[in-house]
Amino acid sequence: MSTVPYAFGLTWLVVVTTKAGAETAQTTTDPTSEAAPGFSLGSIRSGQEGFIQGLGPAVHTLSLESGATDGLRILGSRQEHDLGLVSIAYGRMLGGVEGDGRWYRGNWEIRAEVFGGEEFSPSSDWLIGVTPHLRYNFATGTRIIPFVDLGAGVTATGIGSPDLSGTFEFNLQANIGLHYFIRNNLALTFEAGYLHISCAGMHCPNLGLNTVKGMVGVTWFF
């Protein structure tokens, strides 16, 4: 009996077995394969359990938030101004993860925010503002990413005396918050902070508007 069919069959078996082994090895070692669940986007570094270990240097963000403020009669303000706010912001990471091995390990982010809303107490009036922000996102290795944030920008408003006196004003913000990731590129965002509006002495009165704010929304990472 000829040995050619047996030789051919043996060769085919070796080739198939080698190819299958190579595909299995690739699937096991590929960090973005389905075997590693969770945050597997190329721009987001994944850990062994798939949780975020830090945002990549090319990650962009888009946030939509809404909330309200509680007015404070401090720093010269004569009234407590309560506001309803909506906000949209675009951000980009300034580089990779910094502070490896330290408690403050994370990423710097530059953001541009447009916000608007209405004062509903003690009177009814409008406001809109544009604010650049500098944010630091802490890399915790979990689905929860805390952040701290500072911003300074310009505001147009119809709110007047006794605390403000002109349409053109400046705004200062200091915020803390967190992202809670519900998908690999989508997070719920919770934010609390301080908002100050005044004209820096360009016109009088310049007592200023001071509030604490709470915001909630969603942030896309891409």
# chains A, B, ... in the order shown; residues from 1 in each chain; ligands from 1
call {"tool": "residues_around", "arguments": {"residues": "A:Tyr136", "least_positions_apart": "5", "cutoff": "8 Å", "atoms": "only C-alpha atoms", "output": "count of residues only"}}
result
7
call {"tool": "closest_atom_pairs", "arguments": {"of": "stretch 100-167 of chain A", "to": "stretch 183-186 of chain A", "cutoff": "12 Å", "atoms": "only C-alpha atoms", "output": "tab-separated table"}}
result
residue	atom	partner	partner_atom	distance
A:Thr142	CA	A:Asn184	CA	11.8
A:Arg143	CA	A:Arg183	CA	9.3
A:Ile144	CA	A:Arg183	CA	11.9
call {"tool": "atom_distance", "arguments": {"atom1": "atom CA of A:Asp163", "atom2": "atom CA of A:Pro122"}}
result
11.8 Å
call {"tool": "closest_residue", "arguments": {"among": "A:Gly129, A:Gly141, A:Pro205, A:Pro146", "to": "A:Gly160", "atoms": "only C-alpha atoms"}}
result
A:Pro205
call {"tool": "residues_around", "arguments": {"residues": "A:Ala200", "least_positions_apart": "3", "cutoff": "12 Å", "atoms": "only C-alpha atoms", "output": "PyMOL selection string"}}
result
chain A and resi 153-154+164-166+168-172+196-197+203-209
call {"tool": "residues_around", "arguments": {"residues": "A:Gly116", "least_positions_apart": "2", "cutoff": "10 Å", "atoms": "only C-alpha atoms", "output": "PyMOL selection string"}}
result
chain A and resi 66+83-88+114+118+126-130+155-157
call {"tool": "write_last_selection", "arguments": {"atoms": "C-alpha atoms", "output": "CSV table (one decimal), in the first residue's frame"}}
result
chain,number,residue,atom,x,y,z
A,66,SER,CA,-26.6,69.9,34.6
A,83,LEU,CA,-28.7,79.3,39.8
A,84,GLY,CA,-29.8,76.5,37.5
A,85,LEU,CA,-26.9,75.5,35.2
A,86,VAL,CA,-26.2,73.3,32.2
A,87,SER,CA,-22.7,72.7,30.9
A,88,ILE,CA,-20.9,71.2,27.9
A,114,VAL,CA,-19.4,76.5,27.9
A,118,GLU,CA,-30.8,81.1,34.9
A,126,TRP,CA,-29.8,84.8,32.6
A,127,LEU,CA,-26.1,84.0,32.4
A,128,ILE,CA,-23.7,82.3,30.0
A,129,GLY,CA,-20.0,81.7,30.3
A,130,VAL,CA,-16.9,80.3,28.7
A,155,THR,CA,-19.3,85.5,31.8
A,156,ALA,CA,-22.2,87.5,30.3
A,157,THR,CA,-25.2,88.0,32.5
call {"tool": "residues_around", "arguments": {"residues": "stretch 97-104 of chain A", "least_positions_apart": "4", "cutoff": "8 Å", "atoms": "only C-alpha atoms", "output": "PyMOL selection string"}}
result
chain A and resi 54-57+138-139
call {"tool": "write_last_selection", "arguments": {"atoms": "C-alpha atoms", "output": "compact mmCIF listing (two decimals), in the first residue's frame"}}
result
# COMPACT_ATOMS: atom_id res chain seq x y z
CA GLY A 54 -4.60 55.61 33.61
CA LEU A 55 -5.72 57.52 30.55
CA GLY A 56 -3.52 57.58 27.47
CA PRO A 57 -1.91 60.80 26.19
CA PHE A 138 -6.29 60.34 39.59
CA ALA A 139 -5.45 56.86 38.26
call {"tool": "closest_residue", "arguments": {"among": "A:Ala152, A:Arg111, A:Leu64, A:Thr219", "to": "A:Ala187", "atoms": "only C-alpha atoms"}}
result
A:Thr219
call {"tool": "atom_distance", "arguments": {"atom1": "atom CA of A:Leu62", "atom2": "atom CA of A:Ala112"}}
result
9.8 Å
call {"tool": "atom_distance", "arguments": {"atom1": "atom CA of A:Asp82", "atom2": "atom CA of A:Glu65"}}
result
17.2 Å
